[in-house]
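Undergrad: Before we start, here is the structure in question, set down as structure tokens.
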Amino acid sequence: MAAKGDLIYASALNADILAKGECGGAVTALLKYALESRLADGVLTVEKGVDLYDAKPVYITDPALLINSAGSLHCGTLLIPKLIKKYFNGARDLKIAVTLKGCDAKAMYELAKREQINLDNLIMIGLNCGGSLSPVPARNMISKKYGIDPDCVFKEEFDKGKFIIEYDGGEKGISVNELEEEGYGRRLNCQRCMTKIPRQCDLACGNWGFVGDGSKKATFIEICSEKGANLVTKAESAGAICVSDAPESGIAVRSKIEKSMLLLAGKAREKQFAMLGSGKERLNFILEETSMCIKCYQCIEKCPVCYCVECSTKKPYFVPPGRIPPPFMFHLIRYSHIADSCINCGQCEELCAMDIPNSLFMHAIQVEMEEMFGYVPGEDLGLPVLALVEESQERKRLLDTGCDQIFDIFKN
């Protein structure tokens, strides 16, 4: 019987899932069992779209279709949680099993503590993540650095410090360090990320820590909650997966990989944040970069922490309408709103039409606030630094009074 805190190896017992799964197919098998047993009404995950570089979100209710999502995609830059808020009523009416990277897991927590998502109705399957690549830069990298037609590639993976592609005619791997020194490789926010194993989820799964015969694939699973333990126990009893204790050698390897990746992330933070400078130098850098803004609102629309019904950036007395680029107040409002809770998901930068390094600005501010106040966004369900009022009560007060002032600083 599985228990919270267990470290296990698990493999699918379904031959098709085992063959297609990235490392034993345990994640797909668990999702399939969750659907078949009605532990979940549906599964929200990612599968390949038109090609290897097109990761698309998919909601699955037919267990037979889950095999289409088996395997890994490192060129997908999606963030799942806001889809649950926007299209599934925050999982208030449905039980959903969902696969999550580290930034997804942090976004779940930030939305949950703002009462935008119901965690009780979610089964969160975390996926160890060393980082992802943006689709167009990934294609350019494969073409220029690897000398391979991107359309000939049918599989890609990170393994032993390399980004490896398999294509019609062979296989080729290049050191991640070499790629990133030349401006290729993982997204910049992924390089800075310190959440490589998403322990906020019910289960944290991946191939880090699997040792043994290469022909015998298995998923290393860390059971992080009672809900996760219940899923593993029932899936094993039903014959969906086979389970064994992870050996000490595997646990040591997993720990070594995580520590190595965190060390690299720390160095990436130091290097990237240094580019911003400090004081007036930083302000001037941000002013120059944001002067290219066309106010397309993608940074706000895709941010998992932005959830206000009426955005203050659309209020004419804060940001005059019709001005492109918008005044700096547009950006200051967003920075002040997200400053303590940025989860470094990179969506604001990934989707910016003008390639403004929004994520770098936001993350640098968040890290400085973390150092001052100790609040780490998305780590647990503790309230953020700026949670000074109850949102629902404050909105009612504003509506009742017609006032936008939270605090009357001029009152005697």
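Lettering and numbering for the structure tokens are positional, with chains as A, B, ... in the shown order, residues counted from 1 in each chain, and ligands counted from 1 in the shown order.
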Show me, as an MDAnalysis selection string, the residues that have an atom within 9 Å of region 353-367 of chain A when counting only C-alpha atoms, minus same-chain residues fewer than 5 positions from it.
TA: chainID A and resid 188:189 269 272:273 276 286 289:290 292:294 296 298:299 335 338:348 372 376:377
Undergrad: Run DSSP on the backbone and give me the residues of region 288-347 of chain A it puts in helix (DSSP H, G or I), as a PyMOL selection string.
TA: chain A and resi 288-290+298-302+312-314+329-338+347
Undergrad: Identify which of the residues A:Asp51, A:Glu349, A:Glu379, A:Glu180 lies closest to Val153 (chain A), counting only C-alpha atoms when measuring atom-to-atom distances.
TA: A:Asp51
Undergrad: As a PyMOL selection string, please: every residue in region 222-287 of chain A that DSSP puts in strand (DSSP E or B).
TA: chain A and resi 222-223+241-245
Undergrad: Quick one: pull the distance between CA of Asp245 (chain A) and CA of Thr28 (chain A), Å, one decimal.
TA: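 Result for CA of Asp245 (chain A) versus CA of Thr28 (chain A): 19.7 Å, one decimal.
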Undergrad: Write out as number ranges by chain each polymer residue whose atoms come within 8 Å of Ile174 (chain A), counting only C-alpha atoms; drop sequence neighbours fewer than 5 positions from it.
TA: A: 162-164, 179
Undergrad: A:Leu381, A:Arg192, A:Glu36, A:Gly49: which is nearest Glu270 (chain A), counting only C-alpha atoms?
TA: A:Arg192
Undergrad: When you draw a straight line from CA of Val46 (chain A) to CA of Ala97 (chain A), how long is it in Å?
TA: 12.1 Å
Undergrad: Hey, can you check how far CA of Ser132 (chain A) sits from CA of Leu66 (chain A)?
TA: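 If I compute the distance from CA of Ser132 (chain A) to CA of Leu66 (chain A), I get 22.2 Å.
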Undergrad: Using only C-alpha atoms, pick whichever of A:Met329, A:Leu52, A:Val232, A:Val253 has the shortest atom-to-atom distance to Ala26 (chain A).
TA: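 The answer is A:Val232, which sits nearest to Ala26 (chain A).
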Undergrad: So that I can check the surroundings of Asn128 (chain A), please list as a ChimeraX atom specification every protein, DNA and RNA residue that reaches within 6 Å of it, counting only C-alpha atoms and ignoring chain neighbours fewer than 3 positions away.
TA: /A:196-197,205-206
Undergrad: Determine, counting only C-alpha atoms, which protein, DNA and RNA residues have an atom within 7 Å of an atom of Lys4 (chain A); residues of the same chain fewer than 2 positions away are not included. Present the result as an MDAnalysis selection string.
TA: chainID A and resid 6 223:226 229
Undergrad: If we count only C-alpha atoms, what is near Met261 (chain A) at a cut-off of 12 Å, once residues fewer than 6 positions away on the same chain are taken out, given as a ChimeraX atom specification?
TA: /A:128-131,160-161,176-177,190-197,208,254-255,267-268
